[in-house]
Structure formats: structure tokens, C-alpha cells
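input.cif follows (mmCIF, C-alpha atoms):
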```
data_protein
#
loop_
_atom_site.label_atom_id
_atom_site.label_comp_id
_atom_site.auth_asym_id
_atom_site.auth_seq_id
_atom_site.Cartn_x
_atom_site.Cartn_y
_atom_site.Cartn_z
CA MET Y 1 -63.06 -2.89 -45.46
CA LYS Y 2 -63.78 -0.22 -48.11
CA VAL Y 3 -61.66 -2.22 -50.59
CA LYS Y 4 -63.68 -5.38 -49.92
CA PHE Y 5 -66.89 -3.42 -50.36
CA ILE Y 6 -65.81 -2.16 -53.75
CA ILE Y 7 -64.87 -5.70 -54.82
CA VAL Y 8 -68.26 -7.12 -53.79
CA VAL Y 9 -70.18 -4.40 -55.55
CA ALA Y 10 -68.13 -4.79 -58.71
CA VAL Y 11 -68.70 -8.55 -58.75
CA LEU Y 12 -72.43 -8.39 -58.10
CA LEU Y 13 -73.27 -5.46 -60.31
CA THR Y 14 -70.91 -5.82 -63.31
CA MET Y 15 -70.06 -9.52 -63.66
CA ALA Y 16 -71.17 -11.13 -66.92
CA CYS Y 17 -73.65 -13.96 -66.99
CA ALA Y 18 -71.04 -16.54 -67.99
CA GLY Y 19 -70.94 -20.14 -66.82
CA TYR Y 20 -74.47 -21.35 -67.52
CA SER Y 21 -75.15 -24.00 -70.10
CA VAL Y 22 -78.23 -22.89 -72.00
CA HIS Y 23 -80.30 -24.95 -74.38
CA GLY Y 24 -82.68 -22.57 -76.13
CA THR Y 25 -85.37 -21.18 -73.81
CA GLU Y 26 -86.59 -24.41 -72.26
CA THR Y 27 -87.88 -23.90 -68.74
CA GLU Y 28 -89.69 -25.93 -66.17
CA ASN Y 29 -93.42 -25.48 -66.49
CA PHE Y 30 -94.62 -22.33 -64.77
CA MET Y 31 -98.42 -22.42 -64.57
CA ARG Y 32 -100.35 -19.24 -65.12
CA SER Y 33 -103.65 -18.21 -66.68
CA GLY Y 34 -104.70 -14.80 -67.90
CA VAL Y 35 -108.37 -15.58 -67.23
CA MET Y 36 -108.19 -17.24 -63.84
CA ALA Y 37 -109.50 -15.45 -60.76
CA LEU Y 38 -106.97 -13.51 -58.72
CA ALA Y 39 -105.33 -15.93 -56.31
CA GLU Y 40 -105.45 -15.07 -52.62
CA PRO Y 41 -101.89 -13.92 -51.89
CA GLU Y 42 -99.94 -15.39 -49.04
CA ARG Y 43 -99.42 -12.74 -46.40
CA ASN Y 44 -97.71 -12.13 -43.11
CA ASN Y 45 -97.03 -9.02 -41.08
CA SER Y 46 -94.56 -7.99 -43.76
CA GLY Y 47 -97.04 -7.84 -46.65
CA ILE Y 48 -97.48 -10.26 -49.56
CA ILE Y 49 -94.88 -13.04 -49.54
CA ILE Y 50 -93.21 -13.76 -52.89
CA ARG Y 51 -91.50 -17.15 -52.67
CA VAL Y 52 -88.67 -17.70 -55.16
CA ASP Y 53 -87.07 -21.15 -55.52
CA LEU Y 54 -83.63 -20.58 -57.05
CA LYS Y 55 -83.17 -24.30 -57.64
CA LYS Y 56 -85.70 -23.82 -60.44
CA ILE Y 57 -84.18 -20.71 -61.95
CA HIS Y 58 -84.86 -20.53 -65.71
CA LYS Y 59 -81.86 -20.09 -68.00
CA ILE Y 60 -82.61 -17.83 -70.96
CA ASP Y 61 -80.47 -17.25 -74.05
CA LEU Y 62 -80.48 -13.56 -74.99
CA HIS Y 63 -80.47 -14.59 -78.67
CA GLY Y 64 -83.39 -16.94 -78.25
CA GLU Y 65 -86.93 -16.86 -79.56
CA TYR Y 66 -89.03 -13.71 -78.96
CA MET Y 67 -85.93 -11.62 -78.18
CA LYS Y 68 -85.58 -8.23 -79.88
CA GLN Y 69 -82.25 -6.42 -79.76
CA ILE Y 70 -81.23 -2.88 -80.69
CA CYS Y 71 -77.79 -1.32 -80.33
CA LEU Y 72 -77.36 2.34 -79.36
CA THR Y 73 -76.05 4.36 -82.31
CA ASP Y 74 -75.40 7.92 -83.47
CA ASN Y 75 -75.19 8.52 -87.23
CA GLY Y 76 -74.70 4.79 -87.73
CA SER Y 77 -71.80 4.45 -85.27
CA PRO Y 78 -71.97 2.87 -81.79
CA VAL Y 79 -72.49 5.38 -79.00
CA TRP Y 80 -69.78 5.32 -76.36
CA VAL Y 81 -71.48 4.71 -73.00
CA ASP Y 82 -68.86 4.73 -70.28
CA GLU Y 83 -71.03 3.20 -67.56
CA VAL Y 84 -74.77 2.58 -67.52
CA LYS Y 85 -76.06 3.81 -64.17
CA LYS Y 86 -79.77 3.74 -64.87
CA VAL Y 87 -82.27 3.32 -67.72
CA VAL Y 88 -85.72 4.92 -67.67
CA SER Y 89 -88.53 4.48 -70.20
CA ALA Y 90 -90.35 7.59 -71.43
CA LYS Y 91 -92.88 7.56 -74.31
CA ASP Y 92 -91.10 5.28 -76.84
CA GLN Y 93 -87.73 6.58 -75.68
CA TYR Y 94 -85.02 5.35 -73.34
CA VAL Y 95 -83.29 7.77 -70.99
CA VAL Y 96 -79.83 6.37 -70.21
CA GLN Y 97 -77.91 7.83 -67.27
CA CYS Y 98 -74.16 7.39 -67.57
CA LYS Y 99 -71.40 8.54 -65.21
CA ASN Y 100 -71.83 12.25 -65.81
CA LYS Y 101 -74.13 12.53 -68.78
CA VAL Y 102 -77.69 11.64 -69.74
CA LEU Y 103 -78.59 10.42 -73.24
CA LEU Y 104 -81.98 10.03 -74.92
CA PHE Y 105 -82.52 7.21 -77.46
CA ASP Y 106 -85.40 6.15 -79.70
CA ALA Y 107 -86.72 2.93 -78.15
CA ARG Y 108 -87.65 1.51 -81.57
CA ASN Y 109 -84.21 1.67 -83.23
CA GLY Y 110 -81.70 2.80 -80.60
CA VAL Y 111 -80.78 6.02 -82.45
CA LEU Y 112 -79.45 8.85 -80.27
CA LYS Y 113 -81.88 11.77 -80.15
CA THR Y 114 -80.12 14.14 -77.78
CA SER Y 115 -77.66 14.51 -74.91
CA PHE Y 116 -78.79 16.53 -71.91
CA SER Y 117 -75.29 17.31 -70.67
CA GLY Y 118 -74.33 20.90 -71.43
CA GLN Y 119 -77.83 21.95 -72.49
CA TRP Y 120 -77.61 24.79 -69.99
CA GLY Y 121 -74.36 26.19 -71.34
CA PRO Y 122 -70.64 25.50 -70.75
CA ASP Y 123 -70.97 26.03 -66.99
CA ALA Y 124 -73.77 23.50 -66.63
CA GLN Y 125 -71.82 20.28 -67.11
CA PHE Y 126 -72.67 17.68 -64.50
CA VAL Y 127 -70.19 17.35 -61.66
CA GLY Y 128 -71.82 14.73 -59.44
CA LEU Y 129 -74.82 13.34 -61.34
CA LEU Y 130 -76.59 11.09 -58.85
CA ASP Y 131 -80.07 10.37 -60.17
CA THR Y 132 -82.31 10.82 -63.21
CA TRP Y 133 -86.06 10.41 -63.32
CA VAL Y 134 -88.96 11.15 -65.65
CA GLU Y 135 -91.69 13.38 -64.32
CA ASP Y 136 -94.70 14.10 -66.51
CA ASP Y 137 -93.17 15.13 -69.87
CA THR Y 138 -89.79 16.15 -68.49
CA VAL Y 139 -86.49 14.51 -67.56
CA CYS Y 140 -85.10 15.57 -64.18
CA MET Y 141 -81.37 15.25 -63.39
CA TYR Y 142 -79.99 15.74 -59.89
CA ASP Y 143 -76.39 16.94 -59.55
CA MET Y 144 -75.71 16.32 -55.88
CA SER Y 145 -72.27 17.98 -55.94
CA ARG Y 146 -73.67 21.28 -57.19
CA LYS Y 147 -77.05 20.88 -55.45
CA LEU Y 148 -78.89 21.53 -58.69
CA ILE Y 149 -81.88 19.82 -60.32
CA PHE Y 150 -81.98 20.28 -64.10
CA ARG Y 151 -85.22 19.70 -65.98
CA ASN Y 152 -85.47 19.20 -69.77
CA ASP Y 153 -88.38 18.24 -71.99
CA LEU Y 154 -88.33 15.00 -73.98
CA ASN Y 155 -86.99 16.88 -77.02
CA GLY Y 156 -83.91 17.93 -75.07
CA ASN Y 157 -84.94 21.55 -74.52
CA ALA Y 158 -84.08 23.19 -71.20
CA VAL Y 159 -87.12 23.85 -69.00
CA ASP Y 160 -85.77 25.03 -65.64
CA VAL Y 161 -83.06 24.50 -63.03
CA LYS Y 162 -83.47 24.71 -59.26
CA PHE Y 163 -80.94 25.08 -56.50
CA VAL Y 164 -81.47 22.67 -53.60
CA ALA Y 165 -80.55 24.59 -50.47
CA CYS Y 166 -81.63 22.26 -47.68
CA ASP Y 167 -79.60 20.78 -44.85
CA ASN Y 168 -81.36 17.41 -45.14
CA SER Y 169 -79.83 16.47 -48.49
CA PHE Y 170 -81.31 13.60 -50.46
CA GLN Y 171 -79.91 11.00 -52.86
CA TYR Y 172 -83.08 10.20 -54.79
CA LEU Y 173 -86.52 11.69 -55.28
CA ALA Y 174 -89.98 10.45 -56.23
CA LYS Y 175 -93.09 12.55 -56.69
CA VAL Y 176 -95.97 11.51 -54.41
CA GLY Y 177 -99.19 13.48 -54.52
CA GLU Y 178 -99.47 16.98 -55.92
CA GLY Y 179 -96.55 19.22 -55.03
CA HIS Y 180 -94.71 16.75 -52.79
CA TYR Y 181 -91.63 14.55 -53.17
CA VAL Y 182 -90.24 11.70 -51.13
CA GLY Y 183 -86.46 11.55 -50.93
CA LYS Y 184 -83.95 9.10 -49.54
CA ARG Y 185 -81.72 10.94 -47.11
CA VAL Y 186 -78.00 10.86 -47.88
CA TYR Y 187 -76.46 10.51 -44.43
CA GLY Y 188 -77.49 10.97 -40.84
CA GLY Y 189 -77.25 9.62 -37.35
CA MET Y 190 -78.41 6.16 -36.38
CA GLU Y 191 -81.77 7.53 -35.20
CA ASP Y 192 -82.47 9.77 -38.20
CA SER Y 193 -85.27 8.93 -40.63
CA GLU Y 194 -84.19 7.56 -44.00
CA LEU Y 195 -87.18 8.98 -45.89
CA ASN Y 196 -88.03 12.68 -45.90
CA LEU Y 197 -90.85 14.69 -47.44
CA TYR Y 198 -89.95 17.70 -49.62
CA ASP Y 199 -92.12 20.39 -51.19
CA GLU Y 200 -92.33 21.35 -54.87
CA ASN Y 201 -89.21 23.50 -54.43
CA PHE Y 202 -87.36 20.49 -52.99
CA GLN Y 203 -87.27 22.01 -49.52
CA PHE Y 204 -87.47 19.76 -46.45
CA VAL Y 205 -90.94 19.42 -44.92
CA LYS Y 206 -90.80 16.51 -42.49
CA GLU Y 207 -89.50 13.01 -41.82
CA ILE Y 208 -91.85 10.15 -42.78
CA GLY Y 209 -92.10 6.49 -41.89
CA ASP Y 210 -90.16 4.61 -39.24
CA LEU Y 211 -87.18 3.51 -41.38
CA LYS Y 212 -83.92 4.58 -39.75
CA ILE Y 213 -80.88 5.49 -41.82
CA LYS Y 214 -77.82 3.37 -41.25
CA SER Y 215 -74.62 4.02 -43.16
CA GLY Y 216 -76.01 6.03 -46.06
CA ILE Y 217 -74.05 3.66 -48.28
CA TYR Y 218 -74.15 4.21 -52.06
CA ILE Y 219 -74.17 1.12 -54.30
CA CYS Y 220 -76.48 1.91 -57.19
CA CYS Y 221 -79.61 3.97 -57.72
CA PRO Y 222 -82.45 2.87 -55.46
CA PHE Y 223 -85.49 2.63 -57.66
CA PHE Y 224 -88.66 4.43 -56.76
CA VAL Y 225 -91.64 3.28 -58.84
CA CYS Y 226 -94.34 5.93 -59.15
CA SER Y 227 -98.06 5.63 -59.78
CA PRO Y 228 -100.77 8.26 -59.34
CA ASN Y 229 -101.49 7.38 -55.70
CA GLU Y 230 -98.40 5.62 -54.38
CA ILE Y 231 -94.73 4.86 -54.87
CA LEU Y 232 -92.74 1.70 -54.16
CA TYR Y 233 -89.33 1.83 -52.50
CA TYR Y 234 -86.64 -0.68 -51.57
CA ARG Y 235 -83.58 -0.63 -49.30
CA TYR Y 236 -80.14 -2.20 -49.70
CA PHE Y 237 -79.76 -5.75 -48.37
CA SER Y 238 -83.45 -5.94 -47.49
CA ASN Y 239 -86.07 -8.07 -49.23
CA ASP Y 240 -88.90 -5.81 -48.09
CA ILE Y 241 -90.58 -3.60 -50.69
CA TYR Y 242 -92.25 -0.58 -49.13
CA VAL Y 243 -95.28 1.35 -50.36
CA ILE Y 244 -95.63 5.09 -49.70
CA ASP Y 245 -99.13 6.47 -50.29
CA ASP Y 246 -100.17 10.01 -51.15
CA LYS Y 247 -100.60 10.76 -47.44
CA GLN Y 248 -96.97 9.74 -46.84
CA ASN Y 249 -97.80 6.57 -44.92
CA VAL Y 250 -95.02 3.96 -45.23
CA ALA Y 251 -95.71 0.20 -45.02
CA VAL Y 252 -94.33 -3.09 -46.36
CA LYS Y 253 -96.21 -4.25 -49.47
CA TYR Y 254 -94.10 -7.22 -50.62
CA TYR Y 255 -91.53 -9.50 -49.04
CA VAL Y 256 -89.28 -11.50 -51.40
CA ASP Y 257 -88.44 -14.87 -49.82
CA PHE Y 258 -85.56 -16.80 -51.41
CA GLY Y 259 -85.87 -19.58 -48.82
CA GLU Y 260 -82.52 -21.13 -47.97
CA ASP Y 261 -80.85 -18.64 -50.32
CA ASN Y 262 -81.91 -15.67 -48.17
CA MET Y 263 -79.00 -13.86 -46.62
CA PRO Y 264 -79.19 -14.48 -42.84
CA VAL Y 265 -80.05 -11.43 -40.76
CA ASN Y 266 -78.08 -10.81 -37.59
CA PRO Y 267 -79.75 -8.40 -35.12
CA ASN Y 268 -76.29 -7.33 -33.96
CA TRP Y 269 -75.40 -5.91 -37.38
CA GLN Y 270 -75.23 -2.14 -37.13
CA ASP Y 271 -75.25 -1.15 -40.80
CA GLU Y 272 -74.74 -2.31 -44.37
CA TYR Y 273 -71.00 -2.72 -43.90
CA ASP Y 274 -71.70 -5.62 -41.53
CA CYS Y 275 -73.78 -7.23 -44.30
CA ILE Y 276 -70.92 -6.74 -46.76
CA ASP Y 277 -68.42 -8.25 -44.28
CA PHE Y 278 -70.65 -11.28 -43.95
CA ILE Y 279 -71.03 -11.71 -47.72
CA ASN Y 280 -67.27 -11.38 -48.24
CA SER Y 281 -66.44 -13.93 -45.58
CA SER Y 282 -69.18 -16.45 -46.42
CA LYS Y 283 -68.57 -19.44 -48.69
CA GLU Y 284 -72.29 -19.63 -49.49
CA ASN Y 285 -74.15 -17.88 -52.32
CA TYR Y 286 -77.03 -15.70 -51.25
CA ALA Y 287 -79.62 -13.80 -53.28
CA THR Y 288 -79.11 -10.10 -52.55
CA LEU Y 289 -79.75 -6.57 -53.83
CA VAL Y 290 -83.43 -6.80 -54.75
CA SER Y 291 -83.79 -3.68 -56.91
CA ASN Y 292 -85.06 -2.19 -60.21
CA ILE Y 293 -88.56 -2.97 -59.03
CA TYR Y 294 -91.58 -2.70 -61.32
CA GLU Y 295 -95.32 -3.23 -60.87
CA SER Y 296 -98.25 -3.45 -63.27
CA ASP Y 297 -101.78 -4.84 -62.99
CA LYS Y 298 -100.41 -8.28 -63.94
CA TYR Y 299 -96.91 -8.50 -62.45
CA PHE Y 300 -94.51 -7.42 -59.78
CA CYS Y 301 -90.93 -7.72 -61.11
CA PHE Y 302 -87.51 -7.12 -59.61
CA ARG Y 303 -83.82 -7.58 -60.32
CA PHE Y 304 -81.58 -9.40 -57.85
CA ALA Y 305 -78.02 -10.71 -57.70
CA PHE Y 306 -77.29 -14.41 -57.27
CA ASP Y 307 -74.10 -16.40 -57.83
CA GLY Y 308 -72.41 -13.26 -59.21
CA LYS Y 309 -75.10 -12.77 -61.87
CA LYS Y 310 -77.97 -10.36 -62.35
CA CYS Y 311 -81.32 -12.16 -62.41
CA LEU Y 312 -84.97 -11.30 -62.84
CA GLY Y 313 -87.80 -12.27 -60.52
CA VAL Y 314 -91.44 -12.21 -61.69
CA TYR Y 315 -94.49 -12.50 -59.46
CA ASP Y 316 -97.69 -13.27 -61.35
CA LYS Y 317 -100.56 -11.66 -59.44
CA SER Y 318 -103.25 -13.83 -61.05
CA SER Y 319 -101.69 -17.14 -60.05
CA GLY Y 320 -99.80 -16.03 -56.93
CA LYS Y 321 -96.71 -17.82 -58.30
CA ALA Y 322 -93.19 -16.53 -58.80
CA ALA Y 323 -90.44 -17.49 -61.24
CA SER Y 324 -86.81 -16.42 -61.63
CA PHE Y 325 -84.60 -16.05 -64.70
CA VAL Y 326 -80.91 -15.73 -65.48
CA PHE Y 327 -79.88 -14.44 -68.91
CA THR Y 328 -76.91 -15.49 -71.03
CA PRO Y 329 -75.55 -13.03 -73.62
CA SER Y 330 -72.96 -13.86 -76.28
CA SER Y 331 -69.63 -15.22 -75.08
CA SER Y 332 -67.90 -11.83 -75.04
CA ALA Y 333 -70.80 -9.58 -73.98
CA SER Y 334 -71.31 -8.45 -70.41
CA LEU Y 335 -74.79 -8.20 -68.92
CA VAL Y 336 -74.92 -4.77 -67.30
CA ASP Y 337 -78.40 -4.65 -65.82
CA VAL Y 338 -81.99 -5.90 -65.95
CA TYR Y 339 -85.15 -3.76 -65.95
CA VAL Y 340 -88.85 -4.21 -66.71
CA PHE Y 341 -90.94 -1.56 -68.47
CA ASP Y 342 -94.49 -1.96 -69.81
CA ASP Y 343 -94.45 -5.71 -68.98
CA LYS Y 344 -91.27 -6.17 -71.05
CA ALA Y 345 -87.90 -7.18 -69.64
CA LEU Y 346 -85.03 -4.94 -70.80
CA LEU Y 347 -81.51 -6.41 -70.72
CA VAL Y 348 -78.57 -4.02 -71.06
CA THR Y 349 -75.37 -5.55 -72.48
CA GLN Y 350 -72.00 -4.14 -73.52
CA GLU Y 351 -69.55 -5.71 -75.96
CA MET Y 352 -66.55 -4.33 -77.86
CA GLY Y 353 -67.58 -0.70 -77.39
CA LYS Y 354 -71.23 -1.41 -78.21
CA THR Y 355 -74.14 -0.99 -75.80
CA CYS Y 356 -77.21 -3.02 -76.76
CA LEU Y 357 -80.72 -3.32 -75.34
CA THR Y 358 -82.59 -6.60 -75.63
CA THR Y 359 -86.29 -6.87 -74.84
CA ILE Y 360 -88.66 -9.76 -74.31
CA SER Y 361 -92.25 -9.75 -73.15
CA VAL Y 362 -92.78 -11.06 -69.63
CA ASP Y 363 -95.68 -13.05 -71.09
CA ASP Y 364 -93.21 -14.84 -73.37
CA LEU Y 365 -90.92 -15.59 -70.43
CA LEU Y 366 -93.79 -17.41 -68.72
CA PRO Y 367 -94.90 -20.23 -71.08
#
```
Give the structure from this file in C-alpha cells form.
Amino acid sequence: MKVKFIIVVAVLLTMACAGYSVHGTETENFMRSGVMALAEPERNNSGIIIRVDLKKIHKIDLHGEYMKQICLTDNGSPVWVDEVKKVVSAKDQYVVQCKNKVLLFDARNGVLKTSFSGQWGPDAQFVGLLDTWVEDDTVCMYDMSRKLIFRNDLNGNAVDVKFVACDNSFQYLAKVGEGHYVGKRVYGGMEDSELNLYDENFQFVKEIGDLKIKSGIYICCPFFVCSPNEILYYRYFSNDIYVIDDKQNVAVKYYVDFGEDNMPVNPNWQDEYDCIDFINSSKENYATLVSNIYESDKYFCFRFAFDGKKCLGVYDKSSGKAASFVFTPSSSASLVDVYVFDDKALLVTQEMGKTCLTTISVDDLLP
């Protein structure tokens, strides 16, 4: 079963966007208006419903109109990026987490500014780098194997390092309120809470919410989205997007509905491995792995996997409508991942030792 799991993850998360016939950036008309009154969102007990019709998915050429591409370089040569685990935007810079290193690039030209690995001396190389996040004007890097959190400023200078000595270990952290963090628990029993509250020293405070941990499976970085008063959180193989407020209340804010392309839910499934078994054995394509979530005043955006490709979903808050997009790079390039920052979609591609970042405004995606 573990072998099948690895195969599914590799297909969904690293397969190139080949196989689509693209003719420019023509799309079916997606109506929106920047001046219209906010539409009353459709709701149920699971929050705002975002309906996505994948029969109308828009096919976008990465070399089309409005696209801007930069390639990551160091002294004019391509930067070797073994595996892109996560990309974070920070004040006109991109923080790129690789397997066991973190690199900082100028977002305007893709030039390498610094590498955070080894900034703390020869004994501070990452062993099990699990997550990277930007907090205020610092970059935080969590080495789960060594139970250390390294913090550097955006110029690459070391700020501090803290040892995490708690029994309730976490995989990912997000700051919520002053002096508190929410973390996803690594493993636990079937009745243990998935989300814990930690203090400013990353020590366990209490369990929060009613989400129960299942397998503790690790596929890719779950993406917390932070704002001053709340954070958004998603779970594997679930189309629910949760909101956690500054009082640590947990509730569903959005539900992404792919209609007939939703993966069926079986109440007898015990954990994520049952979901993976079903996907492996099914002859149908289902939209899965809603992740890389992003929210602004105008949009709620998310990445998902469909038909072996990474796609982007966009919910326009003013119109209450949703659209989906699949991107086609050059014939030999592989689409690694899809993000949205500052209302701009960021597409990460790799080709012949080069890692490139292509951006397009969400406004330009929605004609």
C-alpha cells in the first residue's frame, strides 16, 4: 500500500501539464464586475459553497498574453533547485523551500540573494526541514528531525534559534493572535485533536477545534494563510477550508464543490490511506488535494489536482462565481506547483536544470 501511495502522490504532485490542446488564452466567458454589489454567497452548514464546473475548465498557455516569466539565477547561471517544496512571498522576494535548504530570490528578476542553510555555522545544516514560513520581517524554518526552529531576517542574517521540547510535536505552524501559534499535530491516536495551540516559545498549551487526527500522513506542506485576526487551514482529501480566529475557534468557512468530480466520501473509511486506496483502484478522475489556499478582499484561490495535473480555482467574491484553470508550459517543461500571492497566480516550472516562475494577474485570467 505504501508503494501505491507514493505513486499516487508522485503523479498528482509532479506530473507535467501535457496533453491539452491550447489555442492562446481563449476561455468561455466568465462574468464579473469590479463595481457590482457583493453577491449573496450560497451557504450551507459547511460555510460558503464554491461550485466549480470542471467541464468548463479554462486552458491557459504559460507563454500567452499577460504572462511574465523569470528564471532563478545566481551570477547569471541557473540555480540548481533539487525539489521545490514550497514558495512564500515576502516583500518583493520569493522564499523557496527545497529538500533541505531555503533560498531567497528577488521577485523582480529571479536573482539569488541568499541561502539560509548553514547560516548558523557548520553544525546548523538542516536535517529534516519540514516547513518554512514568513513571520513579520523574518523567515522561520522548522527542522523537525532536530526539533529546532531557525529564524533569519530577510537579508539572510541569523536572528535566533529555539529548541522545541514538547511531546505534542507539530508539522506546521501559523501565528494567530499575539504570542500564540496554531500547529498541525504530527501523529496521534484516532481521538486526538489535529490542531494544537502553542505559546510564543512553541510549547503546547491546549488542543483546539473538533478535528480529529487520522493517519498523520505527509504529502506536501499544508498551507496556513495568516491575516491579523484569523488563519485559514485545509486538510488532505477534504474540500472544507477552515477558519481559526484569534480566540482559537475553528469553523468551516468555504466548501469547494466539484459536483460530479468530487471524490466520493465513504463513512467507513478510517484514514487517508483508505482514500488513496480508492483513488488507486478507481477508473474515474476526481478533483483532489485542494491546497495552496489564498484569500484577499476580491478572491479566494486554491490549487487542486485533476486528471494528473495541477490546476487553479478562483472564487470571485463580488460575483459569487468560480472558475478553474489548467496551465500548459513548453513541451519539455514540468509544472511543479501553483500559488497565488497579491492577486497574482505564480506558476513554478522546471526544465533542463532551470527553475522558472511565471506570473499572471488573476484579473487578467478572468476576462
> Given the file above and the PyMOL selection byres ((chain Y and resi 108) around 12), which residues are selected, and can you give them as a VMD selection string?
Replying inline: chain Y and resid 68 to 73 89 91 to 94 105 to 107 109 to 113 357 to 359
>> Which residues would end up in the selection if the PyMOL selection byres ((chain Y and resi 195-203) around 6) were applied here, given that I need the answer as a PyMOL selection string?
In response: chain Y and resi 166+179-185+193-194+204-208
> Nearest to Lys298 (chain Y): which of Y:Phe163, Y:Trp269, Y:Tyr233, Y:Tyr315 is it, counting only C-alpha atoms?
Replying inline: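 Going through Y:Phe163, Y:Trp269, Y:Tyr233, Y:Tyr315 one by one, the smallest distance to Lys298 (chain Y) is for Y:Tyr315.
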>> Take the PyMOL selection byres ((chain Y and resi 45-52) around 9), run it mentally on this structure, and tell me the resulting residues as a list in words.
In response: Pro41, Glu42, Arg43, Asn44, Asp53, Leu54, Lys55, Lys56, Ile57, Asp240, Ile241, Ala251, Val252, Lys253, Tyr254, Tyr255, Val256, Asp257, Phe258, Gly259, Gly313, Val314, Tyr315, Gly320, Lys321, Ala322, Ala323 and Ser324 of chain Y
Identify the residues around (-88.1, -8.3, -71.4) within a radius of 8 Å, measuring from all atoms listed in the file in the coordinates stated by the file, and give them as a tab-separated table (two decimals) with C-alpha atoms, in the frame of the given file.
```
chain	number	residue	atom	x	y	z
Y	67	MET	CA	-85.93	-11.62	-78.18
Y	339	TYR	CA	-85.15	-3.76	-65.95
Y	340	VAL	CA	-88.85	-4.21	-66.71
Y	341	PHE	CA	-90.94	-1.56	-68.47
Y	343	ASP	CA	-94.45	-5.71	-68.98
Y	344	LYS	CA	-91.27	-6.17	-71.05
Y	345	ALA	CA	-87.90	-7.18	-69.64
Y	346	LEU	CA	-85.03	-4.94	-70.80
Y	347	LEU	CA	-81.51	-6.41	-70.72
Y	358	THR	CA	-82.59	-6.60	-75.63
Y	359	THR	CA	-86.29	-6.87	-74.84
Y	360	ILE	CA	-88.66	-9.76	-74.31
Y	361	SER	CA	-92.25	-9.75	-73.15
Y	362	VAL	CA	-92.78	-11.06	-69.63
Y	365	LEU	CA	-90.92	-15.59	-70.43
```
> With only C-alpha atoms as the atoms that count, which of Y:Lys212, Y:Arg303, Y:Gly188, Y:Asn262 lies nearest to Glu284 (chain Y)?
Replying inline: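 So, comparing all the options, the nearest one is Y:Asn262.
Closest to Lys162 (chain Y) among Y:Cys140, Y:Ala174, Y:Leu211, Y:Leu129 is Y:Cys140, based on only C-alpha atoms.
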> Closest to Ser115 (chain Y) among Y:Gly64, Y:Asn155, Y:Phe150, Y:Asp277, using all atoms listed in the file?
Replying inline: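 Ranking Y:Gly64, Y:Asn155, Y:Phe150, Y:Asp277 by distance to Ser115 (chain Y), first place goes to Y:Asn155.
Take the candidates Y:Gly216, Y:Gly128, Y:Gly308, Y:Pro329 and check each one against Asp192 (chain Y) using all atoms listed in the file; the shortest distance goes to Y:Gly216.
The closest residue to Val176 (chain Y), picked from Y:Thr288, Y:Asp246, Y:Val159, Y:Tyr234 and counting all atoms listed in the file, is Y:Asp246.
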> How many Å lie between CA of Ile213 (chain Y) and CA of Val338 (chain Y), rounded to one decimal?
Replying inline: 26.7 Å
>> Which residues are close to Glu351 (chain Y), i.e. within 7 Å by only C-alpha atoms, leaving aside same-chain residues fewer than 6 positions away? Reply as a PyMOL selection string.
In response: chain Y and resi 332-334
